[in-house]
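File shown: start.cif (mmCIF, C-alpha atoms).
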data_upload
loop_
_atom_site.group_PDB
_atom_site.id
_atom_site.type_symbol
_atom_site.label_atom_id
_atom_site.label_comp_id
_atom_site.auth_asym_id
_atom_site.auth_seq_id
_atom_site.Cartn_x
_atom_site.Cartn_y
_atom_site.Cartn_z
ATOM 1 C CA MET N 999 -21.748 3.056 33.107
ATOM 2 C CA THR N 1000 -18.752 1.797 35.062
ATOM 3 C CA ALA N 1001 -15.550 3.791 35.526
ATOM 4 C CA ARG N 1002 -13.680 1.202 33.460
ATOM 5 C CA ALA N 1003 -16.091 1.587 30.515
ATOM 6 C CA LEU N 1004 -15.816 5.377 30.706
ATOM 7 C CA ARG N 1005 -12.024 5.169 30.680
ATOM 8 C CA ALA N 1006 -12.108 2.768 27.707
ATOM 9 C CA GLY N 1007 -14.328 5.230 25.838
ATOM 10 C CA ARG N 1008 -11.954 8.106 26.537
ATOM 11 C CA GLU N 1009 -8.979 6.036 25.407
ATOM 12 C CA ALA N 1010 -10.748 5.054 22.197
ATOM 13 C CA ARG N 1011 -11.580 8.705 21.443
ATOM 14 C CA ARG N 1012 -7.946 9.645 22.050
ATOM 15 C CA GLU N 1013 -6.857 6.903 19.675
ATOM 16 C CA TRP N 1014 -9.293 8.092 16.996
ATOM 17 C CA SER N 1015 -7.942 11.631 17.322
ATOM 18 C CA GLY N 1016 -4.413 10.265 16.916
ATOM 19 C CA GLU N 1017 -5.467 8.318 13.838
ATOM 20 C CA ARG N 1018 -7.101 11.397 12.302
ATOM 21 C CA LEU N 1019 -3.917 13.372 12.911
ATOM 22 C CA GLY N 1020 -1.830 10.552 11.446
ATOM 23 C CA GLN N 1021 -4.061 10.343 8.377
ATOM 24 C CA ALA N 1022 -3.749 14.103 7.907
ATOM 25 C CA CYS N 1023 0.036 13.633 8.047
ATOM 26 C CA ILE N 1024 -0.184 10.876 5.401
ATOM 27 C CA ALA N 1025 -2.212 13.214 3.163
ATOM 28 C CA ALA N 1026 0.262 16.073 3.736
ATOM 29 C CA PHE N 1027 3.206 13.758 3.005
ATOM 30 C CA LEU N 1028 1.612 12.625 -0.266
ATOM 31 C CA ALA N 1029 0.727 16.193 -1.272
ATOM 32 C CA ALA N 1030 4.324 17.250 -0.570
ATOM 33 C CA ALA N 1031 5.576 14.328 -2.660
ATOM 34 C CA LEU N 1032 3.285 15.283 -5.558
ATOM 35 C CA VAL N 1033 4.556 18.867 -5.669
ATOM 36 C CA GLY N 1034 8.136 17.635 -5.585
ATOM 37 C CA VAL N 1035 9.379 18.064 -2.014
ATOM 38 C CA PHE N 1036 10.994 14.615 -2.254
ATOM 39 C CA GLY N 1037 12.353 15.085 -5.777
ATOM 40 C CA GLY N 1038 10.733 15.509 -9.209
ATOM 41 C CA GLY N 1039 7.541 17.581 -9.528
ATOM 42 C CA PRO N 1040 7.177 21.351 -9.916
ATOM 43 C CA LEU N 1041 9.057 22.290 -6.725
ATOM 44 C CA GLY N 1042 11.751 19.697 -7.286
ATOM 45 C CA SER N 1043 13.873 21.651 -9.750
ATOM 46 C CA ALA N 1044 15.263 25.160 -9.629
ATOM 47 C CA VAL N 1045 17.085 27.611 -11.878
ATOM 48 C CA VAL N 1046 19.572 30.196 -10.642
ATOM 49 C CA ARG N 1047 20.866 32.972 -12.856
ATOM 50 C CA GLY N 1048 24.264 34.549 -12.674
ATOM 51 C CA ASP N 1049 26.023 37.425 -14.428
ATOM 52 C CA GLY N 1050 25.564 37.952 -18.162
ATOM 53 C CA GLY N 1051 22.818 35.382 -18.767
ATOM 54 C CA VAL N 1052 24.543 32.361 -17.246
ATOM 55 C CA SER N 1053 21.985 29.991 -15.748
ATOM 56 C CA VAL N 1054 22.198 26.805 -13.728
ATOM 57 C CA GLU N 1055 19.354 24.328 -13.642
ATOM 58 C CA TYR N 1056 19.439 21.697 -10.912
ATOM 59 C CA GLU N 1057 17.315 19.533 -8.624
ATOM 60 C CA ARG N 1058 16.486 21.322 -5.407
ATOM 61 C CA PHE N 1059 15.328 18.128 -3.672
ATOM 62 C CA THR N 1060 16.836 14.805 -4.512
ATOM 63 C CA ARG N 1061 17.626 11.400 -3.091
ATOM 64 C CA ARG N 1062 20.840 9.570 -2.433
ATOM 65 C CA GLY N 1063 21.806 7.356 -5.374
ATOM 66 C CA ARG N 1064 19.316 8.964 -7.738
ATOM 67 C CA PRO N 1065 20.791 9.845 -11.165
ATOM 68 C CA GLN N 1066 20.346 13.524 -11.861
ATOM 69 C CA SER N 1067 21.851 16.356 -13.825
ATOM 70 C CA LEU N 1068 22.940 19.916 -13.292
ATOM 71 C CA THR N 1069 22.839 21.943 -16.487
ATOM 72 C CA VAL N 1070 24.794 25.134 -17.015
ATOM 73 C CA ALA N 1071 23.786 27.403 -19.910
ATOM 74 C CA VAL N 1072 26.543 29.816 -20.917
ATOM 75 C CA PRO N 1073 26.182 32.500 -23.630
ATOM 76 C CA ALA N 1074 28.828 32.533 -26.363
ATOM 77 C CA ALA N 1075 30.284 35.803 -25.020
ATOM 78 C CA PHE N 1076 31.896 33.829 -22.196
ATOM 79 C CA ALA N 1077 34.077 31.770 -24.531
ATOM 80 C CA PRO N 1078 36.893 33.983 -25.769
ATOM 81 C CA GLY N 1079 39.078 32.102 -28.222
ATOM 82 C CA GLY N 1080 36.608 29.229 -28.344
ATOM 83 C CA ARG N 1081 37.507 28.073 -24.801
ATOM 84 C CA LEU N 1082 34.888 28.029 -22.115
ATOM 85 C CA GLN N 1083 35.999 27.648 -18.504
ATOM 86 C CA VAL N 1084 33.689 26.516 -15.708
ATOM 87 C CA ARG N 1085 34.684 25.939 -12.088
ATOM 88 C CA ILE N 1086 32.787 24.067 -9.407
ATOM 89 C CA SER N 1087 33.600 23.891 -5.696
ATOM 90 C CA ALA N 1088 35.526 20.685 -5.013
ATOM 91 C CA PRO N 1089 33.723 19.698 -1.760
ATOM 92 C CA PHE N 1090 30.501 19.380 -3.758
ATOM 93 C CA LEU N 1091 32.112 17.125 -6.338
ATOM 94 C CA GLU N 1092 33.701 15.028 -3.598
ATOM 95 C CA ARG N 1093 30.288 13.990 -2.324
ATOM 96 C CA VAL N 1094 28.984 12.848 -5.708
ATOM 97 C CA GLU N 1095 29.749 9.712 -7.664
ATOM 98 C CA ARG N 1096 29.452 8.526 -11.275
ATOM 99 C CA LEU N 1097 30.136 12.031 -12.552
ATOM 100 C CA GLU N 1098 29.731 12.361 -16.304
ATOM 101 C CA VAL N 1099 30.221 15.654 -18.091
ATOM 102 C CA SER N 1100 28.764 16.345 -21.471
ATOM 103 C CA PRO N 1101 30.160 17.550 -23.752
ATOM 104 C CA PRO N 1102 33.404 16.059 -22.449
ATOM 105 C CA PRO N 1103 35.836 18.739 -21.243
ATOM 106 C CA VAL N 1104 39.053 19.185 -23.202
ATOM 107 C CA GLU N 1105 40.932 19.984 -20.042
ATOM 108 C CA GLU N 1106 40.303 19.543 -16.309
ATOM 109 C CA TRP N 1107 42.238 20.353 -13.139
ATOM 110 C CA SER N 1108 41.862 21.180 -9.442
ATOM 111 C CA GLU N 1109 43.014 24.448 -7.911
ATOM 112 C CA ASN N 1110 42.266 26.264 -4.638
ATOM 113 C CA GLY N 1111 39.405 23.991 -3.617
ATOM 114 C CA GLU N 1112 37.767 24.182 -7.031
ATOM 115 C CA ARG N 1113 37.548 21.891 -10.031
ATOM 116 C CA TRP N 1114 38.080 23.604 -13.362
ATOM 117 C CA PHE N 1115 36.587 22.278 -16.593
ATOM 118 C CA VAL N 1116 37.530 23.653 -19.999
ATOM 119 C CA PHE N 1117 35.205 23.094 -22.954
ATOM 120 C CA ALA N 1118 35.586 23.784 -26.636
ATOM 121 C CA ALA N 1119 32.912 26.362 -27.479
ATOM 122 C CA SER N 1120 31.172 26.067 -30.838
ATOM 123 C CA GLY N 1121 29.267 29.383 -30.935
ATOM 124 C CA GLY N 1122 25.828 30.155 -29.499
ATOM 125 C CA THR N 1123 24.763 29.328 -25.961
ATOM 126 C CA ALA N 1124 26.658 26.323 -24.633
ATOM 127 C CA ARG N 1125 24.721 23.816 -22.535
ATOM 128 C CA LEU N 1126 27.001 21.879 -20.214
ATOM 129 C CA ARG N 1127 25.510 18.928 -18.425
ATOM 130 C CA PHE N 1128 26.965 17.374 -15.289
ATOM 131 C CA ARG N 1129 25.336 14.013 -14.505
ATOM 132 C CA PHE N 1130 25.935 12.428 -11.125
ATOM 133 C CA GLU N 1131 24.483 10.682 -8.094
ATOM 134 C CA HIS N 1132 24.808 11.872 -4.516
ATOM 135 C CA GLU N 1133 26.767 9.478 -2.367
ATOM 136 C CA ARG N 1134 25.332 10.605 0.964
ATOM 137 C CA ALA N 1135 22.330 12.389 2.399
ATOM 138 C CA GLY N 1136 22.310 15.936 3.727
ATOM 139 C CA LEU N 1137 22.568 19.453 2.376
ATOM 140 C CA ALA N 1138 24.914 19.663 -0.617
ATOM 141 C CA ARG N 1139 26.116 23.157 -1.467
ATOM 142 C CA ALA N 1140 28.010 24.071 -4.614
ATOM 143 C CA ARG N 1141 29.479 27.263 -5.969
ATOM 144 C CA LEU N 1142 29.629 27.361 -9.706
ATOM 145 C CA ALA N 1143 31.239 30.001 -11.869
ATOM 146 C CA VAL N 1144 32.162 30.707 -15.445
ATOM 147 C CA ALA N 1145 35.864 31.628 -15.674
ATOM 148 C CA GLU N 1146 36.655 34.426 -13.200
ATOM 149 C CA ARG N 1147 33.069 35.650 -12.878
ATOM 150 C CA ARG N 1148 31.140 35.782 -9.608
ATOM 151 C CA PRO N 1149 29.957 32.271 -8.672
ATOM 152 C CA VAL N 1150 26.322 31.280 -8.302
ATOM 153 C CA ALA N 1151 25.307 29.243 -5.269
ATOM 154 C CA VAL N 1152 23.441 25.990 -5.664
ATOM 155 C CA SER N 1153 22.131 23.955 -2.749
ATOM 156 C CA GLN N 1154 20.449 20.581 -2.844
ATOM 157 C CA LEU N 1155 18.670 18.735 -0.075
ATOM 158 C CA VAL N 1156 19.604 15.080 -0.448
ATOM 159 C CA TYR N 1157 17.277 12.582 1.251
ATOM 160 C CA PRO N 1158 18.638 9.249 2.491
ATOM 161 C CA MET P 324 25.770 -0.862 11.330
ATOM 162 C CA GLU P 325 23.997 0.901 8.461
ATOM 163 C CA ILE P 326 21.631 -2.038 8.001
ATOM 164 C CA VAL P 327 20.661 -1.894 11.704
ATOM 165 C CA VAL P 328 19.921 1.835 11.458
ATOM 166 C CA ARG P 329 17.969 1.475 8.213
ATOM 167 C CA ALA P 330 15.949 -1.454 9.583
ATOM 168 C CA ALA P 331 15.185 0.443 12.808
ATOM 169 C CA VAL P 332 14.139 3.580 10.916
ATOM 170 C CA LEU P 333 11.868 1.581 8.654
ATOM 171 C CA TYR P 334 10.447 -0.374 11.606
ATOM 172 C CA PHE P 335 9.355 2.740 13.490
ATOM 173 C CA PHE P 336 8.201 4.417 10.291
ATOM 174 C CA LEU P 337 5.971 1.448 9.387
ATOM 175 C CA LEU P 338 4.746 1.149 12.991
ATOM 176 C CA LEU P 339 3.642 4.784 13.031
ATOM 177 C CA LEU P 340 2.208 4.575 9.529
ATOM 178 C CA PHE P 341 0.032 1.566 10.286
ATOM 179 C CA ARG P 342 -1.073 2.999 13.649
ATOM 180 C CA ALA P 343 -2.134 6.165 11.810
ATOM 181 C CA ALA P 344 -3.860 4.216 9.067
ATOM 182 C CA GLY P 345 -6.127 2.475 11.582
ATOM 183 C CA LYS P 346 -6.924 -1.054 12.689
ATOM 184 C CA ARG P 347 -8.763 -2.125 9.560
ATOM 185 C CA THR P 348 -6.069 -1.090 7.125
ATOM 186 C CA LEU P 349 -4.718 -4.153 5.343
ATOM 187 C CA ALA P 350 -6.283 -6.386 7.973
ATOM 188 C CA GLN P 351 -6.355 -9.161 5.346
ATOM 189 C CA ILE P 352 -10.069 -8.712 4.836
ATOM 190 C CA THR P 353 -9.904 -9.160 1.088
ATOM 191 C CA VAL P 354 -7.507 -10.934 -1.240
ATOM 192 C CA PHE P 355 -6.369 -7.524 -2.467
ATOM 193 C CA ASP P 356 -5.256 -6.579 1.063
ATOM 194 C CA VAL P 357 -2.998 -9.631 1.110
ATOM 195 C CA VAL P 358 -1.601 -8.723 -2.317
ATOM 196 C CA LEU P 359 -0.979 -5.169 -1.141
ATOM 197 C CA LEU P 360 0.868 -6.435 1.941
ATOM 198 C CA PHE P 361 3.160 -8.479 -0.285
ATOM 199 C CA VAL P 362 3.804 -5.468 -2.513
ATOM 200 C CA ILE P 363 4.652 -3.318 0.532
ATOM 201 C CA GLY P 364 7.062 -6.007 1.707
ATOM 202 C CA GLU P 365 8.726 -6.088 -1.691
ATOM 203 C CA VAL P 366 9.109 -2.301 -1.678
ATOM 204 C CA ALA P 367 10.361 -1.996 1.895
ATOM 205 C CA GLY P 368 12.749 -4.970 1.882
ATOM 206 C CA PRO P 369 15.406 -3.620 -0.507
ATOM 207 C CA ALA P 370 15.467 -0.307 1.384
ATOM 208 C CA ILE P 371 16.816 -2.182 4.421
ATOM 209 C CA LEU P 372 19.253 -4.503 2.712
ATOM 210 C CA ALA P 373 20.542 -2.837 -0.432
ATOM 211 C CA GLY P 374 22.960 -0.008 0.230
ATOM 212 C CA GLU P 375 22.003 1.711 -3.008
ATOM 213 C CA ALA P 376 18.234 1.730 -2.467
ATOM 214 C CA SER P 377 16.837 4.944 -1.087
ATOM 215 C CA LEU P 378 14.968 4.814 2.208
ATOM 216 C CA THR P 379 13.005 7.899 1.146
ATOM 217 C CA ALA P 380 11.897 6.268 -2.111
ATOM 218 C CA ALA P 381 10.689 3.181 -0.216
ATOM 219 C CA ALA P 382 8.880 5.362 2.331
ATOM 220 C CA LEU P 383 7.217 7.316 -0.486
ATOM 221 C CA ALA P 384 6.034 4.148 -2.207
ATOM 222 C CA VAL P 385 4.701 2.610 1.020
ATOM 223 C CA VAL P 386 2.930 5.817 2.101
ATOM 224 C CA THR P 387 1.368 6.084 -1.363
ATOM 225 C CA LEU P 388 0.018 2.520 -1.186
ATOM 226 C CA VAL P 389 -1.243 2.856 2.400
ATOM 227 C CA GLY P 390 -2.587 6.366 1.722
ATOM 228 C CA LEU P 391 -4.556 5.087 -1.277
ATOM 229 C CA ASP P 392 -5.921 2.255 0.841
ATOM 230 C CA VAL P 393 -7.038 4.668 3.592
ATOM 231 C CA GLY P 394 -8.447 7.105 1.009
ATOM 232 C CA LEU P 395 -10.418 4.378 -0.748
ATOM 233 C CA SER P 396 -11.764 3.105 2.584
ATOM 234 C CA LEU P 397 -13.120 6.611 3.253
ATOM 235 C CA VAL P 398 -14.690 6.700 -0.223
ATOM 236 C CA LYS P 399 -16.197 3.248 0.304
ATOM 237 C CA ARG P 400 -17.651 4.379 3.637
ATOM 238 C CA SER P 401 -19.539 7.176 1.927
ATOM 239 C CA SER P 402 -20.655 5.243 -1.160
ATOM 240 C CA LYS P 403 -22.125 1.750 -0.987
ATOM 241 C CA THR P 404 -21.940 1.484 -4.782
ATOM 242 C CA ILE P 405 -18.188 2.038 -4.831
ATOM 243 C CA ASP P 406 -17.828 -0.250 -1.822
ATOM 244 C CA ARG P 407 -19.596 -3.070 -3.699
ATOM 245 C CA LEU P 408 -17.683 -2.311 -6.884
ATOM 246 C CA LEU P 409 -14.293 -2.499 -5.163
ATOM 247 C CA ASP P 410 -14.822 -5.220 -2.574
ATOM 248 C CA GLY P 411 -17.729 -7.211 -4.034
ATOM 249 C CA VAL P 412 -20.711 -8.514 -2.082
ATOM 250 C CA PRO P 413 -21.212 -11.532 0.207
ATOM 251 C CA VAL P 414 -22.957 -14.397 -1.580
ATOM 252 C CA VAL P 415 -25.293 -16.912 0.075
ATOM 253 C CA VAL P 416 -24.217 -20.369 -1.086
ATOM 254 C CA VAL P 417 -26.360 -22.522 1.238
ATOM 255 C CA LYS P 418 -29.823 -21.667 2.516
ATOM 256 C CA ASP P 419 -31.968 -23.850 4.791
ATOM 257 C CA GLY P 420 -29.516 -26.709 4.327
ATOM 258 C CA ARG P 421 -29.841 -26.606 0.534
ATOM 259 C CA PRO P 422 -26.849 -25.584 -1.599
ATOM 260 C CA ASP P 423 -27.459 -22.855 -4.195
ATOM 261 C CA ARG P 424 -25.860 -24.662 -7.115
ATOM 262 C CA GLU P 425 -25.754 -21.657 -9.443
ATOM 263 C CA ALA P 426 -24.129 -19.387 -6.849
ATOM 264 C CA MET P 427 -21.626 -22.096 -5.947
ATOM 265 C CA HIS P 428 -20.804 -22.747 -9.603
ATOM 266 C CA ARG P 429 -20.299 -19.049 -10.348
ATOM 267 C CA GLU P 430 -18.169 -18.519 -7.236
ATOM 268 C CA ARG P 431 -16.212 -21.734 -7.840
ATOM 269 C CA VAL P 432 -17.159 -23.144 -4.430
ATOM 270 C CA ASP P 433 -18.102 -26.775 -3.952
ATOM 271 C CA THR P 434 -19.930 -28.601 -1.174
ATOM 272 C CA ASP P 435 -16.627 -29.881 0.251
ATOM 273 C CA ASP P 436 -15.495 -26.262 0.792
ATOM 274 C CA VAL P 437 -18.743 -25.454 2.592
ATOM 275 C CA LEU P 438 -18.606 -28.597 4.723
ATOM 276 C CA ALA P 439 -14.947 -27.940 5.593
ATOM 277 C CA ALA P 440 -15.876 -24.439 6.784
ATOM 278 C CA ALA P 441 -18.860 -25.868 8.697
ATOM 279 C CA ARG P 442 -16.682 -28.461 10.438
ATOM 280 C CA GLN P 443 -13.899 -26.011 11.294
ATOM 281 C CA SER P 444 -16.045 -23.141 12.526
ATOM 282 C CA ARG P 445 -19.129 -24.850 13.927
ATOM 283 C CA GLY P 446 -18.346 -28.543 14.273
ATOM 284 C CA LEU P 447 -21.126 -29.409 11.793
ATOM 285 C CA ASP P 448 -20.708 -32.380 9.500
ATOM 286 C CA ARG P 449 -23.904 -32.313 7.426
ATOM 287 C CA MET P 450 -25.298 -29.835 4.941
ATOM 288 C CA GLU P 451 -28.750 -30.203 6.542
ATOM 289 C CA ALA P 452 -27.369 -28.787 9.812
ATOM 290 C CA ILE P 453 -26.546 -25.487 8.093
ATOM 291 C CA GLU P 454 -29.079 -22.651 8.195
ATOM 292 C CA VAL P 455 -27.068 -20.318 5.970
ATOM 293 C CA ALA P 456 -23.536 -20.409 4.518
ATOM 294 C CA VAL P 457 -22.172 -17.193 3.083
ATOM 295 C CA LEU P 458 -19.138 -16.692 0.907
ATOM 296 C CA GLU P 459 -17.761 -13.487 2.418
ATOM 297 C CA ARG P 460 -16.044 -10.676 0.510
ATOM 298 C CA GLY P 461 -12.655 -11.886 1.699
ATOM 299 C CA GLY P 462 -13.234 -15.392 0.351
ATOM 300 C CA GLN P 463 -13.954 -17.068 3.715
ATOM 301 C CA ILE P 464 -17.148 -19.071 4.202
ATOM 302 C CA SER P 465 -19.283 -18.157 7.229
ATOM 303 C CA VAL P 466 -21.660 -20.783 8.521
ATOM 304 C CA ILE P 467 -24.763 -20.233 10.642
ATOM 305 C CA PRO P 468 -26.162 -23.472 12.108
ATOM 306 C CA ARG P 469 -29.851 -24.287 12.223
#
Could you show the structure in this file as structure tokens?
Amino acid sequence: MTARALRAGREARREWSGERLGQACIAAFLAAALVGVFGGGPLGSAVVRGDGGVSVEYERFTRRGRPQSLTVAVPAAFAPGGRLQVRISAPFLERVERLEVSPPPVEEWSENGERWFVFAASGGTARLRFRFEHERAGLARARLAVAERRPVAVSQLVYP
Amino acid sequence: MEIVVRAAVLYFFLLLLFRAAGKRTLAQITVFDVVLLFVIGEVAGPAILAGEASLTAAALAVVTLVGLDVGLSLVKRSSKTIDRLLDGVPVVVVKDGRPDREAMHRERVDTDDVLAAARQSRGLDRMEAIEVAVLERGGQISVIPR
């Protein structure tokens, strides 16, 4: 066998190894997608719990421009006088668009780098839903609190 | 600027993906490969041009389609039955210069198609000059002269 043929054989074997590695990467990418590493799926959503039974459900992995929601469940004890106050860090809200809040807040204002939302509480656990789309990719961090309570931290990885 | 970046990202992503998938992936061997190529183009195109479309979503869709194609090729390699089921079998339409009328009728091939393939590939202009003509799985007609 000539030196050229031997070299061609070696190069082919190297290429096959590269292809096998690449195909393993394709399989890993698809498996990651199925479990929700790119949004949706079992790993895609997360729940964080704060003081007194407050919980925040959100998408851990998401994509730019994808409609999604962040749901805050607040026990009735947090609504003295029928008014429930929730504050979210303003930098987080600045990077989202098409924000819709349901139920609609009765009052809303910005203060000290936070956006305050006031809701009319109707008894029982209130479920507040913030629908939005991320405007840009990257790591989006939010701090979310009910009234003056300690905030819970939420972070989302936003793919381009 | 953003379009240039998105197009470049997608270019290198697709280049790597198809290098990893191997030479035979979507090599336009069957009609389905051609269809799949069109679908991939439709999925990838908006990710370059439309500002709202997600690059990640396009990449996911393309990897899924190519991954399925690679996966099925591995399955077909290990099972002839599945291979035949998915890609069909070659069909002899002319043998010893005589057309197999039933095979040609069922495959919707006529003598003009066979003669055109014979002229283009072998420079033959008569049916009698053909030893065997085979309708391949990809729809092409292979001609072996006498």
- [ ] Evaluate the PyMOL selection byres ((chain N and resi 1037-1048) around 6) and record the selected residues as a PyMOL selection string, following the chain and residue labels used in the document.
- [x] chain N and resi 1033-1036+1049+1052-1060+1150
Save out the residues we just selected, C-alpha atoms, as a CSV table (one decimal), keeping the file's coordinate frame.
chain,number,residue,atom,x,y,z
N,1033,VAL,CA,4.6,18.9,-5.7
N,1034,GLY,CA,8.1,17.6,-5.6
N,1035,VAL,CA,9.4,18.1,-2.0
N,1036,PHE,CA,11.0,14.6,-2.3
N,1049,ASP,CA,26.0,37.4,-14.4
N,1052,VAL,CA,24.5,32.4,-17.2
N,1053,SER,CA,22.0,30.0,-15.7
N,1054,VAL,CA,22.2,26.8,-13.7
N,1055,GLU,CA,19.4,24.3,-13.6
N,1056,TYR,CA,19.4,21.7,-10.9
N,1057,GLU,CA,17.3,19.5,-8.6
N,1058,ARG,CA,16.5,21.3,-5.4
N,1059,PHE,CA,15.3,18.1,-3.7
N,1060,THR,CA,16.8,14.8,-4.5
N,1150,VAL,CA,26.3,31.3,-8.3
- [ ] Provide as a ChimeraX atom specification the residues of chain P at most 12 Å from chain N, counting all atoms listed in the file.
- [x] /P:325,328-329,332-333,336-348,370-371,373-394,397
TODO: List the neighbours of Gly462 in chain P out to 12 Å using only C-alpha atoms; skip same-chain residues closer than 6 positions along the sequence, and give me the result as a PyMOL selection string.
DONE: chain P and resi 351-357+410-414+430-432+436-437+440
- [ ] Could you check which of N:Arg1081, N:Arg1093, N:His1132, N:Arg1012 is closest to Ala1145 in chain N, using all atoms listed in the file?
- [x]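 Between N:Arg1081, N:Arg1093, N:His1132, N:Arg1012, the residue approaching Ala1145 in chain N most closely is N:Arg1081.
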Open item on the list: Evaluate the PyMOL selection byres ((chain P and resi 433) around 12) against this structure - the residues, as JSON, numbers by chain, please.
Closed with: {"P": [416, 417, 422, 423, 424, 425, 426, 427, 428, 429, 430, 431, 432, 434, 435, 436, 437, 438, 439, 440, 450, 456, 458, 464]}
TODO: Could you tell me how far CA of Arg1113 in chain N lies from CA of Leu1091 in chain N, in Å and to one decimal?
DONE: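 Separation of CA of Arg1113 in chain N and CA of Leu1091 in chain N: 8.1 Å.
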Task: Within 10 Å of file point (31.6, 33.9, -21.7), counting all atoms listed in the file, expressed as a list of chain:residue names - done: N:Asp1049, N:Gly1050, N:Gly1051, N:Val1052, N:Val1072, N:Pro1073, N:Ala1074, N:Ala1075, N:Phe1076, N:Ala1077, N:Pro1078, N:Gly1080, N:Arg1081, N:Leu1082, N:Gln1083, N:Val1084, N:Ala1119, N:Thr1123, N:Ala1124, N:Val1144, N:Ala1145, N:Glu1146, N:Arg1147
Store the residues of this selection in a file with C-alpha atoms, as a tab-separated table (two decimals), keeping the file's coordinate frame.
chain	number	residue	atom	x	y	z
N	1049	ASP	CA	26.02	37.42	-14.43
N	1050	GLY	CA	25.56	37.95	-18.16
N	1051	GLY	CA	22.82	35.38	-18.77
N	1052	VAL	CA	24.54	32.36	-17.25
N	1072	VAL	CA	26.54	29.82	-20.92
N	1073	PRO	CA	26.18	32.50	-23.63
N	1074	ALA	CA	28.83	32.53	-26.36
N	1075	ALA	CA	30.28	35.80	-25.02
N	1076	PHE	CA	31.90	33.83	-22.20
N	1077	ALA	CA	34.08	31.77	-24.53
N	1078	PRO	CA	36.89	33.98	-25.77
N	1080	GLY	CA	36.61	29.23	-28.34
N	1081	ARG	CA	37.51	28.07	-24.80
N	1082	LEU	CA	34.89	28.03	-22.12
N	1083	GLN	CA	36.00	27.65	-18.50
N	1084	VAL	CA	33.69	26.52	-15.71
N	1119	ALA	CA	32.91	26.36	-27.48
N	1123	THR	CA	24.76	29.33	-25.96
N	1124	ALA	CA	26.66	26.32	-24.63
N	1144	VAL	CA	32.16	30.71	-15.44
N	1145	ALA	CA	35.86	31.63	-15.67
N	1146	GLU	CA	36.66	34.43	-13.20
N	1147	ARG	CA	33.07	35.65	-12.88
Task: range 1140-1142 of chain N surroundings by only C-alpha atoms, 8 Å radius, close-in-sequence under 3 positions cut, as a VMD selection string - done: chain N and resid 1084 to 1087 1089 to 1090 1149 to 1153
- [ ] One decimal, Å: what's the distance from CA of Leu1068 in chain N over to CA of Ser1100 in chain N, could you say?
- [x]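 Pair CA of Leu1068 in chain N / CA of Ser1100 in chain N returns 10.7 Å.
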- [ ] For CA of Arg469 in chain P and CA of Ile453 in chain P, determine how far apart the two atoms are, in Å to one decimal place.
- [x]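 Computed distance, CA of Arg469 in chain P to CA of Ile453 in chain P, equals 5.4 Å.
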Task: Residue nearest Gly1079 in chain N - candidates N:Gly1121, N:Ala1030, N:Phe1115, N:Ser1108, atoms counted: only C-alpha atoms - done: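 Answer, going by the shortest atom-to-atom distance: N:Gly1121.
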TODO: Take the PyMOL selection byres ((chain N and resi 1065) around 8), apply it to the structure above, and return the hits as a PyMOL selection string.
DONE: chain N and resi 1063-1064+1066-1067+1129-1131
Centre and edge lengths, as lines of an AutoDock Vina configuration file, for the axis-aligned box enclosing every listed atom of range 1055-1070 of chain N with 4 Å of padding on each of the six sides, in Å to one decimal?
center_x = 20.1
center_y = 16.2
center_z = -9.7
size_x = 17.5
size_y = 25.8
size_z = 22.6
Counting all atoms listed in the file, I want the residues whose atoms come within 12 Å of (32.9, 16.7, -23.8) in the file frame, returned as a compact mmCIF listing (two decimals) with C-alpha atoms, in the frame of the given file.
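Saved as result31.txt:
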# COMPACT_ATOMS: atom_id res chain seq x y z
CA LEU N 1082 34.89 28.03 -22.12
CA GLU N 1098 29.73 12.36 -16.30
CA VAL N 1099 30.22 15.65 -18.09
CA SER N 1100 28.76 16.34 -21.47
CA PRO N 1101 30.16 17.55 -23.75
CA PRO N 1102 33.40 16.06 -22.45
CA PRO N 1103 35.84 18.74 -21.24
CA VAL N 1104 39.05 19.18 -23.20
CA GLU N 1105 40.93 19.98 -20.04
CA GLU N 1106 40.30 19.54 -16.31
CA PHE N 1115 36.59 22.28 -16.59
CA VAL N 1116 37.53 23.65 -20.00
CA PHE N 1117 35.20 23.09 -22.95
CA ALA N 1118 35.59 23.78 -26.64
CA ALA N 1119 32.91 26.36 -27.48
CA SER N 1120 31.17 26.07 -30.84
CA ALA N 1124 26.66 26.32 -24.63
CA ARG N 1125 24.72 23.82 -22.54
CA LEU N 1126 27.00 21.88 -20.21
CA ARG N 1127 25.51 18.93 -18.42
CA PHE N 1128 26.96 17.37 -15.29
